[in-house]
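run_20.cif (mmCIF, C-alpha atoms and all ligand atoms) appears below.
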```cif
data_coords
#
loop_
_atom_site.group_PDB
_atom_site.id
_atom_site.type_symbol
_atom_site.label_atom_id
_atom_site.label_comp_id
_atom_site.auth_asym_id
_atom_site.auth_seq_id
_atom_site.Cartn_x
_atom_site.Cartn_y
_atom_site.Cartn_z
ATOM 1 C CA MET A 21 -200.974 -63.376 -20.501
ATOM 2 C CA ASP A 22 -199.638 -59.856 -20.704
ATOM 3 C CA PRO A 23 -195.858 -59.906 -21.168
ATOM 4 C CA LYS A 24 -195.399 -57.612 -18.147
ATOM 5 C CA ASP A 25 -197.298 -59.918 -15.797
ATOM 6 C CA ILE A 26 -196.842 -57.888 -12.627
ATOM 7 C CA VAL A 27 -197.974 -59.315 -9.261
ATOM 8 C CA TYR A 28 -197.951 -58.005 -5.693
ATOM 9 C CA VAL A 29 -196.182 -59.808 -2.851
ATOM 10 C CA ASN A 30 -195.669 -58.366 0.640
ATOM 11 C CA GLY A 31 -195.484 -54.718 -0.319
ATOM 12 C CA SER A 32 -193.746 -55.067 -3.709
ATOM 13 C CA PHE A 33 -195.056 -54.923 -7.275
ATOM 14 C CA LEU A 34 -192.823 -57.101 -9.447
ATOM 15 C CA PRO A 35 -192.837 -59.504 -12.432
ATOM 16 C CA ARG A 36 -194.466 -62.840 -11.548
ATOM 17 C CA ALA A 37 -191.282 -64.708 -12.488
ATOM 18 C CA GLU A 38 -189.363 -62.712 -9.867
ATOM 19 C CA ALA A 39 -191.981 -62.974 -7.100
ATOM 20 C CA ARG A 40 -190.807 -65.056 -4.115
ATOM 21 C CA VAL A 41 -192.082 -66.384 -0.810
ATOM 22 C CA SER A 42 -190.050 -68.353 1.700
ATOM 23 C CA VAL A 43 -190.045 -72.185 1.737
ATOM 24 C CA GLU A 44 -191.036 -71.703 5.380
ATOM 25 C CA ASP A 45 -194.196 -69.863 4.444
ATOM 26 C CA ARG A 46 -197.076 -71.475 6.319
ATOM 27 C CA GLY A 47 -199.149 -71.461 3.167
ATOM 28 C CA PHE A 48 -196.528 -73.732 1.579
ATOM 29 C CA VAL A 49 -195.899 -75.901 4.646
ATOM 30 C CA PHE A 50 -199.417 -76.238 6.124
ATOM 31 C CA GLY A 51 -201.824 -74.707 3.600
ATOM 32 C CA ASP A 52 -202.315 -72.234 6.454
ATOM 33 C CA GLY A 53 -204.063 -69.392 4.699
ATOM 34 C CA VAL A 54 -207.161 -68.086 2.967
ATOM 35 C CA TYR A 55 -207.976 -66.637 -0.439
ATOM 36 C CA GLU A 56 -210.552 -64.972 -2.672
ATOM 37 C CA VAL A 57 -211.189 -64.891 -6.410
ATOM 38 C CA LEU A 58 -213.098 -61.971 -7.949
ATOM 39 C CA ARG A 59 -214.470 -61.532 -11.443
ATOM 40 C CA VAL A 60 -213.420 -58.385 -13.277
ATOM 41 C CA ILE A 61 -215.201 -57.118 -16.386
ATOM 42 C CA ASN A 62 -213.809 -54.085 -18.213
ATOM 43 C CA GLY A 63 -211.816 -53.109 -15.143
ATOM 44 C CA ARG A 64 -214.752 -53.386 -12.729
ATOM 45 C CA ALA A 65 -214.616 -56.028 -10.019
ATOM 46 C CA PHE A 66 -217.982 -57.712 -9.391
ATOM 47 C CA ALA A 67 -219.539 -57.986 -5.903
ATOM 48 C CA THR A 68 -216.444 -56.597 -4.185
ATOM 49 C CA ARG A 69 -218.270 -55.886 -0.927
ATOM 50 C CA PHE A 70 -219.393 -59.523 -0.620
ATOM 51 C CA HIS A 71 -215.942 -60.898 -1.436
ATOM 52 C CA ASN A 72 -214.353 -58.554 1.099
ATOM 53 C CA GLN A 73 -216.843 -59.608 3.780
ATOM 54 C CA ARG A 74 -216.181 -63.272 3.051
ATOM 55 C CA LEU A 75 -212.418 -62.721 3.193
ATOM 56 C CA GLU A 76 -212.790 -60.992 6.604
ATOM 57 C CA ARG A 77 -214.868 -63.942 7.759
ATOM 58 C CA SER A 78 -212.309 -66.492 6.515
ATOM 59 C CA LEU A 79 -209.464 -64.560 8.196
ATOM 60 C CA ASP A 80 -211.428 -64.431 11.485
ATOM 61 C CA GLY A 81 -212.343 -68.107 11.137
ATOM 62 C CA VAL A 82 -208.690 -69.195 10.943
ATOM 63 C CA ARG A 83 -207.517 -66.438 13.335
ATOM 64 C CA ILE A 84 -205.175 -64.585 10.974
ATOM 65 C CA THR A 85 -204.770 -60.907 11.880
ATOM 66 C CA LEU A 86 -203.737 -58.615 9.044
ATOM 67 C CA ALA A 87 -200.858 -56.177 9.455
ATOM 68 C CA LYS A 88 -201.839 -52.637 10.460
ATOM 69 C CA GLY A 89 -203.166 -50.727 7.459
ATOM 70 C CA ASP A 90 -203.999 -53.897 5.502
ATOM 71 C CA SER A 91 -207.594 -54.838 4.721
ATOM 72 C CA PRO A 92 -209.483 -56.724 1.999
ATOM 73 C CA ALA A 93 -210.483 -53.334 0.520
ATOM 74 C CA ARG A 94 -206.792 -52.417 0.292
ATOM 75 C CA PHE A 95 -206.039 -55.700 -1.507
ATOM 76 C CA VAL A 96 -208.752 -54.880 -4.045
ATOM 77 C CA GLU A 97 -207.118 -51.458 -4.550
ATOM 78 C CA ILE A 98 -203.822 -53.258 -5.165
ATOM 79 C CA GLY A 99 -205.710 -55.470 -7.626
ATOM 80 C CA ARG A 100 -206.960 -52.353 -9.449
ATOM 81 C CA GLN A 101 -203.379 -51.147 -9.786
ATOM 82 C CA LEU A 102 -202.383 -54.572 -11.156
ATOM 83 C CA LEU A 103 -205.215 -54.458 -13.703
ATOM 84 C CA LYS A 104 -203.752 -51.175 -14.975
ATOM 85 C CA ASP A 105 -200.152 -52.408 -14.885
ATOM 86 C CA ASN A 106 -201.081 -55.555 -16.825
ATOM 87 C CA ASN A 107 -203.344 -53.907 -19.432
ATOM 88 C CA LEU A 108 -206.397 -55.767 -18.175
ATOM 89 C CA LEU A 109 -208.816 -52.843 -17.946
ATOM 90 C CA GLN A 110 -210.685 -54.121 -20.998
ATOM 91 C CA GLY A 111 -212.376 -57.512 -21.310
ATOM 92 C CA GLU A 112 -212.538 -60.315 -18.783
ATOM 93 C CA ALA A 113 -210.088 -60.929 -15.943
ATOM 94 C CA THR A 114 -209.858 -62.469 -12.489
ATOM 95 C CA LEU A 115 -208.392 -60.961 -9.345
ATOM 96 C CA TYR A 116 -206.796 -63.374 -6.861
ATOM 97 C CA MET A 117 -205.844 -62.473 -3.293
ATOM 98 C CA GLN A 118 -204.189 -64.839 -0.832
ATOM 99 C CA ILE A 119 -203.125 -64.320 2.763
ATOM 100 C CA THR A 120 -201.113 -66.864 4.742
ATOM 101 C CA ARG A 121 -200.078 -66.901 8.405
ATOM 102 C CA GLY A 122 -196.606 -65.755 7.388
ATOM 103 C CA SER A 123 -193.225 -67.351 7.297
ATOM 104 C CA THR A 124 -191.415 -68.865 10.296
ATOM 105 C CA THR A 125 -189.639 -72.040 11.470
ATOM 106 C CA ARG A 126 -192.018 -74.964 11.058
ATOM 107 C CA ALA A 127 -194.181 -75.602 14.109
ATOM 108 C CA HIS A 128 -197.884 -76.320 14.281
ATOM 109 C CA ASN A 129 -198.639 -73.562 16.774
ATOM 110 C CA PHE A 130 -199.092 -70.027 15.514
ATOM 111 C CA PRO A 131 -195.891 -68.022 14.849
ATOM 112 C CA PRO A 132 -194.550 -65.726 17.565
ATOM 113 C CA ALA A 133 -195.925 -62.182 17.688
ATOM 114 C CA GLY A 134 -194.446 -59.904 15.044
ATOM 115 C CA ILE A 135 -194.517 -62.367 12.137
ATOM 116 C CA ALA A 136 -196.606 -60.605 9.491
ATOM 117 C CA PRO A 137 -198.995 -62.514 7.240
ATOM 118 C CA THR A 138 -197.856 -63.075 3.656
ATOM 119 C CA VAL A 139 -200.017 -61.171 1.174
ATOM 120 C CA TYR A 140 -200.160 -62.108 -2.501
ATOM 121 C CA VAL A 141 -202.391 -60.398 -5.078
ATOM 122 C CA SER A 142 -202.461 -61.171 -8.792
ATOM 123 C CA VAL A 143 -204.668 -60.689 -11.839
ATOM 124 C CA ALA A 144 -205.061 -62.785 -14.972
ATOM 125 C CA ARG A 145 -206.897 -62.721 -18.273
ATOM 126 C CA PHE A 146 -210.039 -64.849 -18.131
ATOM 127 C CA LYS A 147 -212.119 -66.574 -20.795
ATOM 128 C CA PRO A 148 -215.652 -67.599 -19.747
ATOM 129 C CA TYR A 149 -216.844 -71.141 -20.547
ATOM 130 C CA SER A 150 -219.225 -69.822 -23.221
ATOM 131 C CA ASP A 151 -219.578 -72.990 -25.323
ATOM 132 C CA LEU A 152 -220.191 -75.297 -22.353
ATOM 133 C CA ALA A 153 -222.617 -72.769 -20.902
ATOM 134 C CA GLN A 154 -224.663 -73.176 -24.092
ATOM 135 C CA SER A 155 -224.497 -76.953 -24.467
ATOM 136 C CA GLY A 156 -224.433 -77.855 -20.781
ATOM 137 C CA ALA A 157 -221.740 -79.891 -19.043
ATOM 138 C CA PRO A 158 -221.333 -83.408 -17.690
ATOM 139 C CA ALA A 159 -220.709 -83.909 -13.955
ATOM 140 C CA ILE A 160 -220.091 -86.845 -11.661
ATOM 141 C CA THR A 161 -220.949 -87.525 -8.020
ATOM 142 C CA HIS A 162 -218.085 -88.047 -5.576
ATOM 143 C CA PRO A 163 -217.797 -88.492 -1.802
ATOM 144 C CA ASP A 164 -217.292 -85.207 0.070
ATOM 145 C CA LEU A 165 -214.121 -85.933 2.066
ATOM 146 C CA ARG A 166 -213.554 -82.383 3.330
ATOM 147 C CA TRP A 167 -213.377 -81.056 6.881
ATOM 148 C CA ALA A 168 -216.286 -79.528 8.797
ATOM 149 C CA ARG A 169 -215.468 -75.854 8.072
ATOM 150 C CA CYS A 170 -216.123 -75.749 4.339
ATOM 151 C CA ASP A 171 -217.668 -72.311 4.939
ATOM 152 C CA LEU A 172 -214.148 -70.850 5.198
ATOM 153 C CA LYS A 173 -212.301 -70.233 1.935
ATOM 154 C CA THR A 174 -208.977 -71.747 2.953
ATOM 155 C CA LEU A 175 -205.997 -72.940 0.926
ATOM 156 C CA ASN A 176 -206.599 -76.501 2.126
ATOM 157 C CA LEU A 177 -208.111 -77.731 -1.115
ATOM 158 C CA LEU A 178 -206.700 -81.262 -1.372
ATOM 159 C CA PRO A 179 -210.064 -83.099 -1.299
ATOM 160 C CA ASN A 180 -211.375 -80.602 -3.875
ATOM 161 C CA VAL A 181 -208.282 -81.094 -6.049
ATOM 162 C CA LEU A 182 -208.571 -84.893 -5.954
ATOM 163 C CA ALA A 183 -212.304 -84.933 -6.699
ATOM 164 C CA SER A 184 -211.885 -82.363 -9.479
ATOM 165 C CA GLN A 185 -209.125 -84.450 -11.062
ATOM 166 C CA THR A 186 -211.305 -87.583 -10.903
ATOM 167 C CA ALA A 187 -214.078 -85.637 -12.657
ATOM 168 C CA ASN A 188 -211.629 -84.466 -15.290
ATOM 169 C CA GLU A 189 -210.329 -88.002 -15.895
ATOM 170 C CA ARG A 190 -213.934 -89.120 -16.408
ATOM 171 C CA GLY A 191 -214.572 -86.375 -18.953
ATOM 172 C CA ALA A 192 -216.713 -84.340 -16.546
ATOM 173 C CA PHE A 193 -216.636 -80.618 -15.793
ATOM 174 C CA GLU A 194 -217.292 -80.921 -12.069
ATOM 175 C CA ALA A 195 -217.686 -83.384 -9.203
ATOM 176 C CA MET A 196 -220.833 -82.947 -7.112
ATOM 177 C CA LEU A 197 -219.844 -83.787 -3.568
ATOM 178 C CA ILE A 198 -221.976 -86.111 -1.435
ATOM 179 C CA ARG A 199 -221.917 -86.045 2.371
ATOM 180 C CA ASP A 200 -224.325 -87.950 4.615
ATOM 181 C CA GLY A 201 -226.582 -88.811 1.679
ATOM 182 C CA VAL A 202 -227.032 -85.248 0.341
ATOM 183 C CA VAL A 203 -225.378 -83.191 -2.393
ATOM 184 C CA THR A 204 -223.393 -80.415 -0.698
ATOM 185 C CA GLU A 205 -221.706 -78.510 -3.564
ATOM 186 C CA GLY A 206 -219.114 -78.893 -6.310
ATOM 187 C CA THR A 207 -215.332 -78.804 -5.860
ATOM 188 C CA LYS A 208 -215.302 -75.162 -7.003
ATOM 189 C CA THR A 209 -218.994 -74.378 -7.432
ATOM 190 C CA ASN A 210 -222.315 -74.350 -5.624
ATOM 191 C CA PHE A 211 -225.301 -75.997 -7.293
ATOM 192 C CA PHE A 212 -229.040 -75.577 -7.729
ATOM 193 C CA GLY A 213 -231.451 -78.301 -8.839
ATOM 194 C CA VAL A 214 -235.121 -78.591 -9.717
ATOM 195 C CA VAL A 215 -237.027 -81.457 -8.089
ATOM 196 C CA ASN A 216 -240.806 -81.760 -8.468
ATOM 197 C CA GLY A 217 -240.881 -78.240 -9.917
ATOM 198 C CA SER A 218 -239.120 -76.541 -7.002
ATOM 199 C CA LEU A 219 -235.693 -74.920 -7.059
ATOM 200 C CA ARG A 220 -233.490 -76.360 -4.337
ATOM 201 C CA THR A 221 -229.978 -75.887 -3.026
ATOM 202 C CA HIS A 222 -227.987 -76.857 0.042
ATOM 203 C CA PRO A 223 -228.462 -74.412 2.940
ATOM 204 C CA SER A 224 -225.598 -72.100 3.797
ATOM 205 C CA ASP A 225 -223.963 -73.946 6.703
ATOM 206 C CA ASN A 226 -220.520 -75.284 7.637
ATOM 207 C CA HIS A 227 -220.648 -77.934 4.892
ATOM 208 C CA ILE A 228 -220.556 -75.523 1.944
ATOM 209 C CA LEU A 229 -218.779 -72.371 0.895
ATOM 210 C CA PRO A 230 -221.247 -69.464 0.966
ATOM 211 C CA GLY A 231 -220.734 -68.718 -2.717
ATOM 212 C CA ILE A 232 -221.042 -65.116 -3.829
ATOM 213 C CA THR A 233 -222.642 -66.222 -7.101
ATOM 214 C CA ARG A 234 -225.028 -68.431 -5.102
ATOM 215 C CA SER A 235 -226.209 -65.474 -3.052
ATOM 216 C CA VAL A 236 -226.381 -63.088 -6.046
ATOM 217 C CA LEU A 237 -228.484 -65.691 -7.848
ATOM 218 C CA ARG A 238 -230.713 -66.225 -4.823
ATOM 219 C CA ASP A 239 -231.493 -62.480 -4.853
ATOM 220 C CA LEU A 240 -232.073 -62.471 -8.613
ATOM 221 C CA ALA A 241 -234.440 -65.461 -8.264
ATOM 222 C CA ARG A 242 -236.329 -63.623 -5.520
ATOM 223 C CA ASP A 243 -236.703 -60.565 -7.821
ATOM 224 C CA LEU A 244 -238.278 -62.903 -10.398
ATOM 225 C CA SER A 245 -240.595 -64.374 -7.721
ATOM 226 C CA ILE A 246 -238.885 -67.740 -8.113
ATOM 227 C CA GLU A 247 -238.966 -69.521 -4.776
ATOM 228 C CA LEU A 248 -235.807 -71.153 -3.518
ATOM 229 C CA ASP A 249 -236.021 -74.046 -1.101
ATOM 230 C CA GLU A 250 -232.788 -74.514 0.883
ATOM 231 C CA THR A 251 -233.495 -78.155 1.641
ATOM 232 C CA PRO A 252 -230.571 -80.304 0.541
ATOM 233 C CA ILE A 253 -231.092 -82.670 -2.370
ATOM 234 C CA LYS A 254 -230.768 -86.278 -1.235
ATOM 235 C CA THR A 255 -228.900 -88.764 -3.410
ATOM 236 C CA SER A 256 -232.193 -90.702 -3.635
ATOM 237 C CA GLU A 257 -233.713 -87.608 -5.309
ATOM 238 C CA ILE A 258 -231.051 -87.363 -8.023
ATOM 239 C CA PRO A 259 -233.084 -89.424 -10.529
ATOM 240 C CA LYS A 260 -235.945 -86.931 -10.047
ATOM 241 C CA LEU A 261 -233.849 -83.887 -11.004
ATOM 242 C CA THR A 262 -235.307 -82.171 -14.047
ATOM 243 C CA GLU A 263 -232.716 -79.368 -14.055
ATOM 244 C CA LEU A 264 -229.345 -78.937 -12.432
ATOM 245 C CA PHE A 265 -226.803 -76.148 -12.626
ATOM 246 C CA LEU A 266 -223.590 -75.000 -10.992
ATOM 247 C CA THR A 267 -222.712 -71.458 -9.931
ATOM 248 C CA GLY A 268 -219.363 -69.799 -9.315
ATOM 249 C CA THR A 269 -217.350 -66.655 -9.904
ATOM 250 C CA THR A 270 -215.701 -68.129 -12.987
ATOM 251 C CA THR A 271 -218.454 -70.655 -13.788
ATOM 252 C CA ASP A 272 -221.450 -68.265 -13.885
ATOM 253 C CA VAL A 273 -224.550 -70.457 -14.318
ATOM 254 C CA MET A 274 -223.390 -73.736 -15.849
ATOM 255 C CA PRO A 275 -226.128 -76.200 -16.809
ATOM 256 C CA VAL A 276 -225.387 -79.825 -15.889
ATOM 257 C CA VAL A 277 -226.996 -82.042 -18.521
ATOM 258 C CA LYS A 278 -225.466 -85.371 -17.533
ATOM 259 C CA LEU A 279 -224.746 -86.716 -14.069
ATOM 260 C CA ASP A 280 -222.794 -89.968 -13.725
ATOM 261 C CA ASP A 281 -223.427 -90.604 -17.450
ATOM 262 C CA LYS A 282 -227.219 -90.330 -17.068
ATOM 263 C CA PRO A 283 -229.151 -87.411 -18.588
ATOM 264 C CA VAL A 284 -230.520 -84.793 -16.211
ATOM 265 C CA GLY A 285 -234.151 -84.128 -17.235
ATOM 266 C CA ASN A 286 -234.304 -84.285 -21.023
ATOM 267 C CA GLY A 287 -230.518 -83.984 -21.292
ATOM 268 C CA LYS A 288 -230.658 -80.306 -22.290
ATOM 269 C CA PRO A 289 -230.291 -77.113 -20.231
ATOM 270 C CA GLY A 290 -233.668 -76.468 -18.557
ATOM 271 C CA GLU A 291 -235.929 -73.444 -18.877
ATOM 272 C CA LEU A 292 -235.318 -72.095 -15.375
ATOM 273 C CA THR A 293 -231.574 -72.631 -15.804
ATOM 274 C CA ARG A 294 -231.649 -70.585 -19.007
ATOM 275 C CA LYS A 295 -233.634 -67.812 -17.355
ATOM 276 C CA LEU A 296 -231.239 -67.572 -14.404
ATOM 277 C CA GLN A 297 -228.270 -67.785 -16.743
ATOM 278 C CA ARG A 298 -229.646 -64.736 -18.588
ATOM 279 C CA VAL A 299 -230.314 -62.645 -15.497
ATOM 280 C CA LEU A 300 -226.889 -63.398 -14.042
ATOM 281 C CA ALA A 301 -225.245 -62.403 -17.347
ATOM 282 C CA GLU A 302 -227.203 -59.118 -17.283
ATOM 283 C CA SER A 303 -226.214 -58.499 -13.704
ATOM 284 C CA LEU A 304 -222.540 -59.151 -14.490
ATOM 285 C CA ALA A 305 -222.689 -56.844 -17.498
ATOM 286 C CA SER A 306 -224.252 -53.995 -15.546
ATOM 287 C CA GLY A 307 -222.773 -54.684 -12.119
ATOM 288 C CA GLY A 308 -219.360 -54.296 -10.634
ATOM 289 C CA ASP A 309 -218.184 -51.788 -8.104
HETATM 290 N N1 LIG B 401 -217.848 -73.844 -3.541
HETATM 291 C C1 LIG B 401 -216.517 -74.010 -3.526
HETATM 292 C C2 LIG B 401 -215.931 -75.175 -2.805
HETATM 293 C C3 LIG B 401 -215.683 -73.090 -4.185
HETATM 294 O O1 LIG B 401 -214.351 -73.236 -4.155
HETATM 295 C C4 LIG B 401 -216.284 -72.010 -4.888
HETATM 296 C C5 LIG B 401 -215.457 -71.018 -5.587
HETATM 297 O O2 LIG B 401 -214.281 -71.141 -5.716
HETATM 298 C C6 LIG B 401 -217.675 -71.899 -4.890
HETATM 299 C C7 LIG B 401 -218.429 -72.819 -4.194
HETATM 300 C C8 LIG B 401 -218.354 -70.771 -5.613
HETATM 301 O O3 LIG B 401 -218.213 -69.578 -4.897
HETATM 302 P P1 LIG B 401 -218.229 -68.169 -5.611
HETATM 303 O O4 LIG B 401 -219.572 -68.032 -6.263
HETATM 304 O O5 LIG B 401 -218.044 -67.183 -4.523
HETATM 305 O O6 LIG B 401 -217.129 -68.168 -6.609
#
```

Show this structure as structure tokens.
Amino acid sequence: MDPKDIVYVNGSFLPRAEARVSVEDRGFVFGDGVYEVLRVINGRAFATRFHNQRLERSLDGVRITLAKGDSPARFVEIGRQLLKDNNLLQGEATLYMQITRGSTTRAHNFPPAGIAPTVYVSVARFKPYSDLAQSGAPAITHPDLRWARCDLKTLNLLPNVLASQTANERGAFEAMLIRDGVVTEGTKTNFFGVVNGSLRTHPSDNHILPGITRSVLRDLARDLSIELDETPIKTSEIPKLTELFLTGTTTDVMPVVKLDDKPVGNGKPGELTRKLQRVLAESLASGGD
């Protein structure tokens, strides 16, 4: 962490240790807010347009209206300033932006008109999971206990937190969530699996987050003439998986080589996984905007 460690809160750039929001902030009291995480390589944020679109969609979905003059693109500009201020223009970093419904006396209904959303933007040094990406990671299955709007990137992450912690306590990298007999996604990742030779993933609906990495990878697969079948993988098909991998902004393509202590395929990262891992790495290296 850079010693300066400057963040942005509600119009001010200041050291993280001095940054404050009210105890009445609705993000604190209700988890009433949304967020985005972007990958930054050598000062260039990756897939900004997609992240901004998703943030707009999350804001609309929870009915938060930004203050006049604010926009996701402006938050990314603030992020660029923070990258400079924190000497993060070289190497790997993440850019975090969070918007809550503002700060007001606790009541479930929306605040009265005139209460501005709280805006928080920060950046941090990031180290990719390079070793695990080579060896492959263990995962577990876990019930998906989330609400029915998982397509919105909200701060309400308690079921994700609990499932992720269970995975961690069992020595696993990720928990693959199961709802109605199908694998939906991970607690912080989407997934792809190979069953009977075809690449499958859960369709983009209200039960998963429409991951930016998921959609970048879908396009890269299409460029390689690899067909993607968006038919969810049933739990009964898990023993037939020959390859499995997770995708995410900070996870890239992460092979899963063990699921619930049983090997996936031959227990090593699969061929298709390796190929997609390579093309995503190339895209990250050349991409950014
Ligand atoms: N699914 C969930 C629940 C997530 O929280 C995330 C990222 O945080 C993802 C999927 C992956 O999305 P992205 O590729 O946009 O990082």

Query raised in the report: Can you tell me how far atom CA of A:Arg69 sits from atom CA of A:Asn176, in Å to one decimal?
Result: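 Separating atom CA of A:Arg69 from atom CA of A:Asn176 is a distance of 23.9 Å.
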
Apply the PyMOL selection byres (((not hetatm)) within 10 of (chain B and resi 401)) to the file shown and report the selected residues as a VMD selection string. chain A and resid 55 to 59 67 70 to 71 74 166 170 to 175 177 179 to 180 197 204 to 211 227 to 237 266 to 273

Name the residues that the PyMOL selection byres (((chain A and resi 104-106) around 7) and not hetatm) picks from the file above, as a count of residues only, using the file's chain letters and numbers. 11

Residues within 9 Å of A:Ala65, only C-alpha atoms, excluding chain neighbours under 2 positions, as a list in words:
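These residues fall inside the cut-off: Leu58, Arg59, Val60, Ile61, Asn62, Gly63, Ala67, Thr68, Val96, Arg100, Ala113, Thr114, Leu115, Gly307, Gly308 and Asp309 of chain A.
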
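With only C-alpha atoms as the basis for measurement, A:Ile84 is the residue among A:Leu165, A:Ile84, A:Asp90, A:Arg64 that approaches A:Ala133 most closely.
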
- Pick out the residues sitting within 12 Å of A:Gly51, and hand them over as JSON, numbers by chain; count only C-alpha atoms, and ignore anything fewer than 2 positions along from it in its own chain. {"A": [44, 45, 46, 47, 48, 49, 53, 54, 55, 82, 118, 119, 120, 121, 122, 123, 128, 173, 174, 175, 176, 177, 178]}

Keeping only C-alpha atoms, write those residues as an mmCIF file, in the coordinates of the input.
```cif
data_model
loop_
_atom_site.group_PDB
_atom_site.id
_atom_site.type_symbol
_atom_site.label_atom_id
_atom_site.label_comp_id
_atom_site.auth_asym_id
_atom_site.auth_seq_id
_atom_site.Cartn_x
_atom_site.Cartn_y
_atom_site.Cartn_z
ATOM 1 C CA GLU A 44 -191.036 -71.703 5.380
ATOM 2 C CA ASP A 45 -194.196 -69.863 4.444
ATOM 3 C CA ARG A 46 -197.076 -71.475 6.319
ATOM 4 C CA GLY A 47 -199.149 -71.461 3.167
ATOM 5 C CA PHE A 48 -196.528 -73.732 1.579
ATOM 6 C CA VAL A 49 -195.899 -75.901 4.646
ATOM 7 C CA GLY A 53 -204.063 -69.392 4.699
ATOM 8 C CA VAL A 54 -207.161 -68.086 2.967
ATOM 9 C CA TYR A 55 -207.976 -66.637 -0.439
ATOM 10 C CA VAL A 82 -208.690 -69.195 10.943
ATOM 11 C CA GLN A 118 -204.189 -64.839 -0.832
ATOM 12 C CA ILE A 119 -203.125 -64.320 2.763
ATOM 13 C CA THR A 120 -201.113 -66.864 4.742
ATOM 14 C CA ARG A 121 -200.078 -66.901 8.405
ATOM 15 C CA GLY A 122 -196.606 -65.755 7.388
ATOM 16 C CA SER A 123 -193.225 -67.351 7.297
ATOM 17 C CA HIS A 128 -197.884 -76.320 14.281
ATOM 18 C CA LYS A 173 -212.301 -70.233 1.935
ATOM 19 C CA THR A 174 -208.977 -71.747 2.953
ATOM 20 C CA LEU A 175 -205.997 -72.940 0.926
ATOM 21 C CA ASN A 176 -206.599 -76.501 2.126
ATOM 22 C CA LEU A 177 -208.111 -77.731 -1.115
ATOM 23 C CA LEU A 178 -206.700 -81.262 -1.372
#
```

Check your understanding: Got a sec to resolve the PyMOL selection byres (((chain A and resi 212-224) around 7) and not hetatm) on this structure and send the residues as an MDAnalysis selection string?
Key -> chainID A and resid 204 211 225 228 230 247:253 260:266

Using only C-alpha atoms, can you tell me which of A:Ala157, A:Arg190, A:Val203, A:Pro92 comes closest to A:Arg77?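 Selected residue with least distance to A:Arg77: A:Pro92.
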
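Atom CA of A:Asp80 is found 28.3 Å from atom CA of A:Val202.
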
Nearest to A:Pro283, restricted to only C-alpha atoms and choosing among A:Thr138, A:Gly156, A:Met196, A:His162, comes out as A:Gly156

* Asked: Could you state the separation of atom CA of A:Gln154 and atom CA of A:Leu304 in Å, given to one decimal place?
  ->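 So the two atoms, atom CA of A:Gln154 and atom CA of A:Leu304, lie 17.1 Å apart.
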
Using only C-alpha atoms, the best pick from A:Ser42, A:Asn226, A:Thr293, A:Ser306 as closest to A:Gly81 would be A:Asn226

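Comparing A:Tyr140, A:Ser245, A:Glu257, A:Leu152 by their smallest distance to A:Gly201, the closest is A:Glu257 (using all atoms listed in the file).
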
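With distances restricted to only C-alpha atoms, A:Met117 is the closest residue to A:Val143 from A:Val29, A:Ala241, A:Met117, A:Ile258.
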